[in-house]
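> My structure is below; once you've seen it, I'll send some questions.
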Number of protein chains: 2
Amino acid sequence: MTQPCPANVGDPVEQIETPALLVDLDAYEHNLDCMATIIAEHNVRFRPHAKTHKSPEIALDQIKRGAIGICCQKVSEAEIMVQGGVPDVLVSNQIVGRAKLRRLAALATSVHIAVCADDPGNIAEINAAAAEAEVRLTVLVEIDVGAGRCGVPPGNPALELAQAVASAPNLQFGGLQAYHGGAQHIRSHEARRLAIVEAAGKTSDTIKLLAGDGLECPMVTGGGTGSLDIDLELGVLNELQAGSYIFMDADYGRNFDRDEAPFTPFRNSLFVRASVMSTPRSGVAIIDAGLKALAFDSGNPEIFGRCGAHYVAPSDEHGNLEVSGANPLLLGEAVTLIPGHCDPTVNLYDWYVGVRGDVVERVWPVAARGALS
Amino acid sequence: MTQPCPANVGDPVEQIETPALLVDLDAYEHNLDCMATIIAEHNVRFRPHAKTHKSPEIALDQIKRGAIGICCQKVSEAEIMVQGGVPDVLVSNQIVGRAKLRRLAALATSVHIAVCADDPGNIAEINAAAAEAEVRLTVLVEIDVGAGRCGVPPGNPALELAQAVASAPNLQFGGLQAYHGGAQHIRSHEARRLAIVEAAGKTSDTIKLLAGDGLECPMVTGGGTGSLDIDLELGVLNELQAGSYIFMDADYGRNFDRDEAPFTPFRNSLFVRASVMSTPRSGVAIIDAGLKALAFDSGNPEIFGRCGAHYVAPSDEHGNLEVSGANPLLLGEAVTLIPGHCDPTVNLYDWYVGVRGDVVERVWPVAARGALS
């Protein structure tokens, strides 16, 4: 169900078939280099989240710039990353059930695999799968530091699970996952910092509690693009998972678009190129990118590089734009959009079209698009 | 970028890898048969919308039950349908630009292709593409009957475009498209009926205006699942495009879930099967299906066949469920979901898993998944 690539290397951008997922390679490389510099300046490891890009090629670009491996959310993503040459994967998620755990354990025969757990029964079945595959799997205990999703409470519940991991013959206790997803998109930097400081305190207390029981935490992993500066400042996490920095999106733009917020060094590198397919009334343009070409969970996309045009509402295959009457969009004209949310937008496409200036320089697959299991 | 199929024919449902897109074949066939009966009882042609299912196999099932062809929204969808054996396609949308129109005209060398237009310049370029391919393309004029999206106003603007089509040497004037998308989801049947009556009035007046100028409308096409009974009653449309009836969804369920609304004969046949991956607190279950496994533009999915559980919020790969403490969901337990909106949910999957009773009977591809151009 792979669609044809909407462009060929060497094509002028005008020739790209729309809608298409574009990567501005200058901005992309800027983000790669910028993160490499930030990580090198701090005493922290970097394991970016591949759920954002779903591309082994991008993972390898990140590893070339100093990342120690990557994170995935799904076994199927991890399989595609390992197949693509990634040597070290943390599945930063719970993997439940014999079939999925068998696949996970099979990966650990060739590369380093770690996984999170928040349940004693699940720890037992991970151990059984590891024993069957004759591997040792690294298991991190996930603690809920405020996101209210997966994870046991910090403190004693985490200690109990860590002990269960440590005493399982085919498991290696890997440390803690302490990810506060909800905090990444708190608009005010001050409120975001407060949430992360609180999460870091809970994490730090749990590390001490485990150390008192003789359990060291080689990995203390979490963090995102929205909390990067705060995580670096606090220094509690020794591995950072930020993923969106590679692309950025309109929602993260709104995080950094306030006087009180600090400057973000990352640039928008991900765009959707669309075309005007109808100009039915003055002040309106309909484009060929709707719900199947863009994610709307974090709001509408923004129009890039053009004043007086706004994406108002999607339908399945259409985007309704309000356009200033003085500067209308013409039928067939291309429109460049910054997606509201990068991760689920990427998951709608089979191909990245890498553009430098006005020319397509590189096309490559979104190899783990649709990798759900 | 095609993912492995999550099940094999003959598997028990318990063995289906999650998340997976399920079709209840009994309900699916009920919907097929039911629509066949409805169409046979009325003086109307049926051309269901394939943007819902993106599957030539389903299109052929519909054609076997009396559909005269199908609708698509994109040239790439039409290409996949024609390749899959569909002999008659209406692209119920504007197709703009030489590259896409060349592809569209190429299809018309082997099957019957029609397309909509709402702009004189676009009509000229459709004619040029048809001339280049040495075919005659059928062009319908789209009128805006209340949706406020594409289309010229009813009346004289439609007449002018129809004249432009009729006088273009490589075009055949096909009639009118008069689709009121917005009306499909008006919750009250009475208000929905009012909107459709108004749309039908505008359509009817335009048909008469064109007839006065010697322009007959072989096709007057539109309609959806939400307006089906009203379109049949009014009889202005001679071709109906309803697509969602084949699957239904939670949003359409809310249309028909009111005392004042008439009974809908269609059943939910489309489901997402997911699994509980974490039970971190009493009253909460986290499942493995979030924004990349379900569409949320028309609200949250509903939990099927289980009391006291509600889908509260998605994140990218997680679904947060509230669960009654007295009837908890267990780790690893399967959950069956009715998607909020069928079309964009289908577009997230590579495979349909057709289930009858507790056994997988048929698996087939979502062949036009991601067909955006």
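Letters for chains follow the order of the structure tokens (A, B, ...), residue numbers begin at 1 for each chain, and ligand numbers begin at 1 in the order shown.
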Which residues, written as a list of chain:residue names, have at least one atom at most 12 Å from Gly308 of chain A, with only C-alpha atoms counted and residues fewer than 6 positions away on the same chain left out?
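My reading of the contact set: A:Gly283, A:Val284, A:Ala285, A:Glu302, A:Leu321, A:Glu322, A:Val323, A:Ser324, A:Gly325, A:Ala326, A:Asn327, A:Pro328, A:Leu329.
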> Show me, as a ChimeraX atom specification, the residues that have an atom within 9 Å of Val115 of chain A when counting only C-alpha atoms, minus same-chain residues fewer than 6 positions from it.
/A:89-95,104,137-141,174
> Hey, can you spit out that residue selection with N, CA and C atoms as a PDB file, in the first residue's frame?

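Listing of selection-v2.pdb after writing:
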```pdb
ATOM      1  N   VAL A  89      18.200   0.266  20.842  1.00  0.00           N
ATOM      2  CA  VAL A  89      16.826   0.784  20.861  1.00  0.00           C
ATOM      3  C   VAL A  89      16.226   0.629  22.252  1.00  0.00           C
ATOM      4  N   LEU A  90      15.675   1.721  22.762  1.00  0.00           N
ATOM      5  CA  LEU A  90      14.820   1.668  23.953  1.00  0.00           C
ATOM      6  C   LEU A  90      13.370   1.745  23.489  1.00  0.00           C
ATOM      7  N   VAL A  91      12.604   0.708  23.764  1.00  0.00           N
ATOM      8  CA  VAL A  91      11.163   0.825  23.553  1.00  0.00           C
ATOM      9  C   VAL A  91      10.620   1.503  24.802  1.00  0.00           C
ATOM     10  N   SER A  92      10.332   2.776  24.668  1.00  0.00           N
ATOM     11  CA  SER A  92       9.989   3.618  25.824  1.00  0.00           C
ATOM     12  C   SER A  92       8.512   3.476  26.153  1.00  0.00           C
ATOM     13  N   ASN A  93       8.092   2.242  26.314  1.00  0.00           N
ATOM     14  CA  ASN A  93       6.674   1.935  26.381  1.00  0.00           C
ATOM     15  C   ASN A  93       6.512   0.536  26.962  1.00  0.00           C
ATOM     16  N   GLN A  94       5.269   0.212  27.355  1.00  0.00           N
ATOM     17  CA  GLN A  94       4.962  -1.123  27.849  1.00  0.00           C
ATOM     18  C   GLN A  94       4.653  -2.031  26.653  1.00  0.00           C
ATOM     19  N   ILE A  95       5.240  -3.202  26.637  1.00  0.00           N
ATOM     20  CA  ILE A  95       4.937  -4.193  25.598  1.00  0.00           C
ATOM     21  C   ILE A  95       4.333  -5.404  26.301  1.00  0.00           C
ATOM     22  N   LEU A 104      10.093  -8.830  20.321  1.00  0.00           N
ATOM     23  CA  LEU A 104      11.048  -7.928  20.980  1.00  0.00           C
ATOM     24  C   LEU A 104      12.313  -8.682  21.379  1.00  0.00           C
ATOM     25  N   LEU A 137      17.201  -9.121  28.492  1.00  0.00           N
ATOM     26  CA  LEU A 137      16.580  -7.854  28.106  1.00  0.00           C
ATOM     27  C   LEU A 137      16.758  -6.840  29.234  1.00  0.00           C
ATOM     28  N   THR A 138      17.054  -5.623  28.839  1.00  0.00           N
ATOM     29  CA  THR A 138      17.142  -4.538  29.819  1.00  0.00           C
ATOM     30  C   THR A 138      15.744  -3.980  30.051  1.00  0.00           C
ATOM     31  N   VAL A 139      15.335  -3.906  31.309  1.00  0.00           N
ATOM     32  CA  VAL A 139      14.000  -3.391  31.633  1.00  0.00           C
ATOM     33  C   VAL A 139      14.124  -2.179  32.547  1.00  0.00           C
ATOM     34  N   LEU A 140      13.468  -1.096  32.143  1.00  0.00           N
ATOM     35  CA  LEU A 140      13.396   0.100  32.971  1.00  0.00           C
ATOM     36  C   LEU A 140      12.034   0.149  33.643  1.00  0.00           C
ATOM     37  N   VAL A 141      12.000   0.638  34.843  1.00  0.00           N
ATOM     38  CA  VAL A 141      10.723   0.845  35.513  1.00  0.00           C
ATOM     39  C   VAL A 141      10.222   2.240  35.157  1.00  0.00           C
ATOM     40  N   GLY A 174      17.510  -1.707  34.151  1.00  0.00           N
ATOM     41  CA  GLY A 174      18.126  -0.647  33.355  1.00  0.00           C
ATOM     42  C   GLY A 174      18.021   0.735  33.953  1.00  0.00           C
TER      43      GLY A 174
END
```
> Need to verify the contact set: Phe247 of chain B, 12 Å, only C-alpha atoms, exclusion of same-chain residues closer than 6 positions in sequence. Can you return it as JSON, numbers by chain?
{"B": [21, 22, 23, 24, 25, 26, 27, 28, 29, 30, 31, 32, 49, 50, 52, 53, 58, 225, 253, 265, 266, 267, 268, 269, 270, 271, 272, 338, 339, 340, 341, 342, 343, 345, 346, 352]}
> Could you save the residues just selected, with N, CA and C atoms, as a tab-separated table (two decimals), in the first residue's frame?

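Result saved to part-v2.tsv:
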```tsv
chain	number	residue	atom	x	y	z
B	21	LEU	N	-7.42	-3.14	12.16
B	21	LEU	CA	-8.68	-2.64	11.62
B	21	LEU	C	-9.55	-3.84	11.25
B	22	LEU	N	-10.67	-3.99	11.94
B	22	LEU	CA	-11.52	-5.17	11.76
B	22	LEU	C	-12.78	-4.82	10.97
B	23	VAL	N	-13.18	-5.72	10.11
B	23	VAL	CA	-14.50	-5.62	9.48
B	23	VAL	C	-15.33	-6.83	9.94
B	24	ASP	N	-16.45	-6.56	10.55
B	24	ASP	CA	-17.41	-7.62	10.90
B	24	ASP	C	-18.14	-7.98	9.62
B	25	LEU	N	-17.82	-9.13	9.06
B	25	LEU	CA	-18.31	-9.46	7.71
B	25	LEU	C	-19.82	-9.63	7.66
B	26	ASP	N	-20.43	-10.10	8.75
B	26	ASP	CA	-21.89	-10.20	8.78
B	26	ASP	C	-22.52	-8.80	8.65
B	27	ALA	N	-21.99	-7.86	9.42
B	27	ALA	CA	-22.53	-6.50	9.37
B	27	ALA	C	-22.23	-5.84	8.03
B	28	TYR	N	-21.04	-6.10	7.52
B	28	TYR	CA	-20.62	-5.55	6.22
B	28	TYR	C	-21.56	-6.04	5.11
B	29	GLU	N	-21.83	-7.32	5.09
B	29	GLU	CA	-22.71	-7.88	4.05
B	29	GLU	C	-24.16	-7.41	4.25
B	30	HIS	N	-24.55	-7.28	5.51
B	30	HIS	CA	-25.87	-6.70	5.79
B	30	HIS	C	-25.97	-5.31	5.16
B	31	ASN	N	-24.93	-4.49	5.35
B	31	ASN	CA	-24.97	-3.13	4.81
B	31	ASN	C	-25.00	-3.14	3.28
B	32	LEU	N	-24.19	-4.01	2.69
B	32	LEU	CA	-24.20	-4.14	1.22
B	32	LEU	C	-25.60	-4.51	0.72
B	49	HIS	N	-19.12	6.23	-2.52
B	49	HIS	CA	-17.82	6.89	-2.43
B	49	HIS	C	-16.77	5.95	-1.90
B	50	ALA	N	-15.71	5.77	-2.71
B	50	ALA	CA	-14.61	4.87	-2.33
B	50	ALA	C	-13.58	5.56	-1.46
B	52	THR	N	-14.13	6.38	1.41
B	52	THR	CA	-14.36	5.77	2.71
B	52	THR	C	-13.50	4.53	2.89
B	53	HIS	N	-13.53	3.63	1.88
B	53	HIS	CA	-12.89	2.32	2.09
B	53	HIS	C	-11.57	2.16	1.38
B	58	ILE	N	-13.74	-3.87	-2.08
B	58	ILE	CA	-15.04	-3.42	-1.56
B	58	ILE	C	-15.83	-2.75	-2.69
B	225	THR	N	-24.54	9.36	3.53
B	225	THR	CA	-25.25	8.43	4.40
B	225	THR	C	-26.21	9.16	5.33
B	253	GLY	N	-23.38	7.33	14.31
B	253	GLY	CA	-24.22	6.78	15.38
B	253	GLY	C	-24.93	7.86	16.17
B	265	PRO	N	-30.96	1.68	8.88
B	265	PRO	CA	-30.88	0.23	8.69
B	265	PRO	C	-29.44	-0.29	8.72
B	266	PHE	N	-28.45	0.60	8.77
B	266	PHE	CA	-27.06	0.16	8.64
B	266	PHE	C	-26.45	-0.12	10.01
B	267	ARG	N	-25.54	-1.07	10.02
B	267	ARG	CA	-24.91	-1.49	11.27
B	267	ARG	C	-23.43	-1.11	11.28
B	268	ASN	N	-22.87	-1.00	12.46
B	268	ASN	CA	-21.42	-0.78	12.56
B	268	ASN	C	-20.70	-2.04	12.09
B	269	SER	N	-19.90	-1.91	11.05
B	269	SER	CA	-19.14	-3.07	10.58
B	269	SER	C	-17.64	-2.85	10.73
B	270	LEU	N	-17.23	-1.62	11.05
B	270	LEU	CA	-15.80	-1.29	11.15
B	270	LEU	C	-15.40	-1.07	12.61
B	271	PHE	N	-14.34	-1.72	13.01
B	271	PHE	CA	-13.86	-1.62	14.39
B	271	PHE	C	-12.34	-1.55	14.41
B	272	VAL	N	-11.82	-0.99	15.48
B	272	VAL	CA	-10.39	-1.12	15.75
B	272	VAL	C	-10.25	-2.01	16.98
B	338	ILE	N	-15.38	1.43	18.26
B	338	ILE	CA	-16.05	2.00	17.07
B	338	ILE	C	-15.38	3.34	16.80
B	339	PRO	N	-14.70	3.49	15.66
B	339	PRO	CA	-13.99	4.75	15.40
B	339	PRO	C	-14.95	5.94	15.37
B	340	GLY	N	-14.46	7.10	15.79
B	340	GLY	CA	-15.26	8.32	15.72
B	340	GLY	C	-15.63	8.64	14.28
B	341	HIS	N	-14.70	8.46	13.36
B	341	HIS	CA	-14.90	8.82	11.95
B	341	HIS	C	-14.24	7.74	11.10
B	342	CYS	N	-15.04	7.09	10.26
B	342	CYS	CA	-14.51	5.91	9.55
B	342	CYS	C	-13.45	6.27	8.52
B	343	ASP	N	-13.68	7.27	7.66
B	343	ASP	CA	-12.77	7.49	6.53
B	343	ASP	C	-11.32	7.73	6.95
B	345	THR	N	-9.88	7.06	9.71
B	345	THR	CA	-9.36	5.92	10.47
B	345	THR	C	-8.86	4.84	9.50
B	346	VAL	N	-9.67	4.51	8.51
B	346	VAL	CA	-9.26	3.51	7.51
B	346	VAL	C	-7.91	3.90	6.89
B	352	TYR	N	-7.33	-4.64	6.00
B	352	TYR	CA	-8.60	-5.00	6.61
B	352	TYR	C	-8.51	-6.43	7.10
```
> Name all residues at most 7 Å from segment 207-217 of chain A (count only C-alpha atoms; drop same-chain ones fewer than 6 positions away) and give them as a list in words.
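Neighbouring residues, sequence-local ones excluded: Gly155, Leu159, Gly174, Gly175 and Leu176 of chain A.
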> Taking only C-alpha atoms into account, name the residue in A:Gln62, A:Thr37, A:Ser298, A:Ser278 that is nearest to chain B.
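Using only C-alpha atoms, the shortest distance to chain B belongs to A:Ser278.
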> I need the residues in segment 133-250 of chain A that are alpha helix (DSSP H) according to DSSP; give them as a PyMOL selection string.
chain A and resi 133+156-166+189-212+228-234+250
> Keeping only C-alpha atoms, write the selected residues to a file as a compact mmCIF listing (two decimals), in the first residue's frame.

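Output below, filename result37.txt:
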```txt
# COMPACT_ATOMS: atom_id res chain seq x y z
CA ALA A 133 15.03 -16.43 23.16
CA ASN A 156 8.17 2.40 46.98
CA PRO A 157 6.03 1.06 44.08
CA ALA A 158 8.97 1.74 41.79
CA LEU A 159 11.37 0.08 44.21
CA GLU A 160 9.24 -3.06 44.32
CA LEU A 161 9.19 -3.32 40.53
CA ALA A 162 12.92 -2.61 40.29
CA GLN A 163 13.55 -5.47 42.73
CA ALA A 164 11.35 -7.74 40.62
CA VAL A 165 13.37 -6.85 37.51
CA ALA A 166 16.69 -7.26 39.31
CA HIS A 189 7.84 28.56 30.27
CA GLU A 190 7.51 29.27 33.99
CA ALA A 191 4.63 26.81 34.43
CA ARG A 192 6.43 24.27 32.27
CA ARG A 193 9.53 24.63 34.42
CA LEU A 194 7.50 24.13 37.60
CA ALA A 195 6.01 20.89 36.28
CA ILE A 196 9.44 19.59 35.23
CA VAL A 197 11.06 20.60 38.55
CA GLU A 198 8.36 18.65 40.37
CA ALA A 199 8.85 15.62 38.10
CA ALA A 200 12.63 15.79 38.56
CA GLY A 201 12.22 15.89 42.35
CA LYS A 202 10.12 12.72 42.30
CA THR A 203 12.64 11.06 40.01
CA SER A 204 15.58 12.09 42.14
CA ASP A 205 13.91 10.81 45.34
CA THR A 206 13.21 7.46 43.65
CA ILE A 207 16.82 7.15 42.43
CA LYS A 208 17.98 7.67 46.06
CA LEU A 209 15.48 5.16 47.39
CA LEU A 210 16.67 2.53 44.92
CA ALA A 211 20.33 3.31 45.61
CA GLY A 212 19.63 2.73 49.31
CA LEU A 228 14.93 20.40 26.87
CA ASP A 229 16.51 23.49 28.47
CA ILE A 230 14.94 22.64 31.83
CA ASP A 231 16.03 18.98 31.76
CA LEU A 232 19.57 20.09 30.91
CA GLU A 233 19.57 22.62 33.74
CA LEU A 234 18.25 20.17 36.36
CA ALA A 250 3.07 24.77 14.75
```
> When DSSP works through the backbone of this structure, what residues of segment 50-226 of chain B end up as strand (DSSP E or B), shown as a VMD selection string?
chain B and resid 70 to 72 88 to 94 112 to 117 137 to 143 152 171 to 177 219 to 222
> Keeping only N, CA and C atoms, write those residues as a compact mmCIF listing (two decimals), in the first residue's frame.

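Below you can see again-v3.txt, which holds the result:
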```
# COMPACT_ATOMS: atom_id res chain seq x y z
N ILE B 70 -18.08 3.97 -8.99
CA ILE B 70 -17.75 4.55 -7.68
C ILE B 70 -17.33 6.00 -7.83
N CYS B 71 -17.24 6.68 -6.70
CA CYS B 71 -16.65 8.01 -6.62
C CYS B 71 -15.27 7.90 -5.97
N CYS B 72 -14.36 8.78 -6.39
CA CYS B 72 -13.07 8.97 -5.73
C CYS B 72 -12.87 10.47 -5.52
N ASP B 88 -15.84 2.31 -13.89
CA ASP B 88 -16.53 3.60 -14.04
C ASP B 88 -16.28 4.43 -12.78
N VAL B 89 -15.56 5.53 -12.94
CA VAL B 89 -15.17 6.35 -11.78
C VAL B 89 -15.55 7.80 -11.99
N LEU B 90 -16.22 8.36 -11.01
CA LEU B 90 -16.41 9.82 -10.94
C LEU B 90 -15.44 10.38 -9.91
N VAL B 91 -14.52 11.23 -10.36
CA VAL B 91 -13.70 11.97 -9.39
C VAL B 91 -14.56 13.15 -8.97
N SER B 92 -15.12 13.04 -7.79
CA SER B 92 -16.13 14.00 -7.32
C SER B 92 -15.46 15.20 -6.70
N ASN B 93 -14.52 15.77 -7.45
CA ASN B 93 -13.62 16.77 -6.90
C ASN B 93 -12.99 17.53 -8.05
N GLN B 94 -12.34 18.66 -7.71
CA GLN B 94 -11.62 19.43 -8.71
C GLN B 94 -10.20 18.86 -8.85
N HIS B 112 -14.59 4.50 -18.11
CA HIS B 112 -15.31 5.76 -18.11
C HIS B 112 -14.91 6.60 -16.89
N ILE B 113 -14.46 7.82 -17.17
CA ILE B 113 -13.99 8.73 -16.13
C ILE B 113 -14.78 10.04 -16.23
N ALA B 114 -15.26 10.50 -15.09
CA ALA B 114 -15.87 11.83 -15.02
C ALA B 114 -15.18 12.61 -13.90
N VAL B 115 -15.24 13.93 -14.00
CA VAL B 115 -14.58 14.79 -13.00
C VAL B 115 -15.42 16.05 -12.83
N CYS B 116 -15.26 16.69 -11.68
CA CYS B 116 -16.02 17.93 -11.40
C CYS B 116 -15.16 19.15 -11.70
N ALA B 117 -15.83 20.27 -11.96
CA ALA B 117 -15.11 21.52 -12.19
C ALA B 117 -15.94 22.67 -11.65
N LEU B 137 -13.44 13.44 -21.95
CA LEU B 137 -13.69 13.34 -20.51
C LEU B 137 -15.06 13.92 -20.19
N THR B 138 -15.77 13.26 -19.29
CA THR B 138 -17.05 13.78 -18.83
C THR B 138 -16.79 14.76 -17.68
N VAL B 139 -17.33 15.96 -17.80
CA VAL B 139 -17.12 16.97 -16.76
C VAL B 139 -18.47 17.40 -16.20
N LEU B 140 -18.57 17.35 -14.87
CA LEU B 140 -19.76 17.84 -14.17
C LEU B 140 -19.44 19.20 -13.57
N VAL B 141 -20.41 20.07 -13.57
CA VAL B 141 -20.24 21.35 -12.90
C VAL B 141 -20.65 21.17 -11.44
N GLU B 142 -19.76 21.54 -10.54
CA GLU B 142 -20.11 21.45 -9.11
C GLU B 142 -20.76 22.75 -8.68
N ILE B 143 -21.92 22.62 -8.04
CA ILE B 143 -22.56 23.81 -7.48
C ILE B 143 -22.52 23.72 -5.95
N VAL B 152 -19.46 26.47 -7.83
CA VAL B 152 -19.98 27.81 -8.14
C VAL B 152 -21.38 27.93 -7.56
N LEU B 171 -14.59 17.49 -24.27
CA LEU B 171 -15.34 17.28 -23.03
C LEU B 171 -16.80 16.95 -23.35
N GLN B 172 -17.37 16.20 -22.43
CA GLN B 172 -18.80 15.85 -22.51
C GLN B 172 -19.42 16.47 -21.25
N PHE B 173 -20.47 17.26 -21.40
CA PHE B 173 -21.11 17.81 -20.20
C PHE B 173 -21.87 16.68 -19.51
N GLY B 174 -21.48 16.43 -18.25
CA GLY B 174 -22.04 15.26 -17.55
C GLY B 174 -23.19 15.58 -16.62
N GLY B 175 -23.38 16.86 -16.31
CA GLY B 175 -24.45 17.22 -15.38
C GLY B 175 -23.90 18.00 -14.20
N LEU B 176 -24.55 17.82 -13.04
CA LEU B 176 -24.22 18.63 -11.86
C LEU B 176 -23.79 17.75 -10.69
N GLN B 177 -22.83 18.26 -9.94
CA GLN B 177 -22.58 17.70 -8.61
C GLN B 177 -23.13 18.69 -7.59
N MET B 219 -26.26 13.30 -15.26
CA MET B 219 -25.95 12.98 -13.87
C MET B 219 -26.28 14.18 -13.00
N VAL B 220 -27.02 13.93 -11.92
CA VAL B 220 -27.19 14.92 -10.85
C VAL B 220 -26.80 14.18 -9.59
N THR B 221 -25.59 14.44 -9.12
CA THR B 221 -24.97 13.55 -8.14
C THR B 221 -24.65 14.26 -6.83
N GLY B 222 -24.74 13.52 -5.75
CA GLY B 222 -24.47 14.06 -4.42
C GLY B 222 -24.98 13.09 -3.38
```
> Could you tell me how far atom CA of Arg102 of chain B lies from atom CA of Asp11 of chain A, in Å and to one decimal?
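Spanning atom CA of Arg102 of chain B to atom CA of Asp11 of chain A is a straight-line distance of 18.2 Å.
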> Quick one: distance from atom CA of Pro365 of chain B to atom CA of Gly85 of chain B in Å, one decimal?
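Atom-to-atom, atom CA of Pro365 of chain B and atom CA of Gly85 of chain B are spaced 14.8 Å apart.
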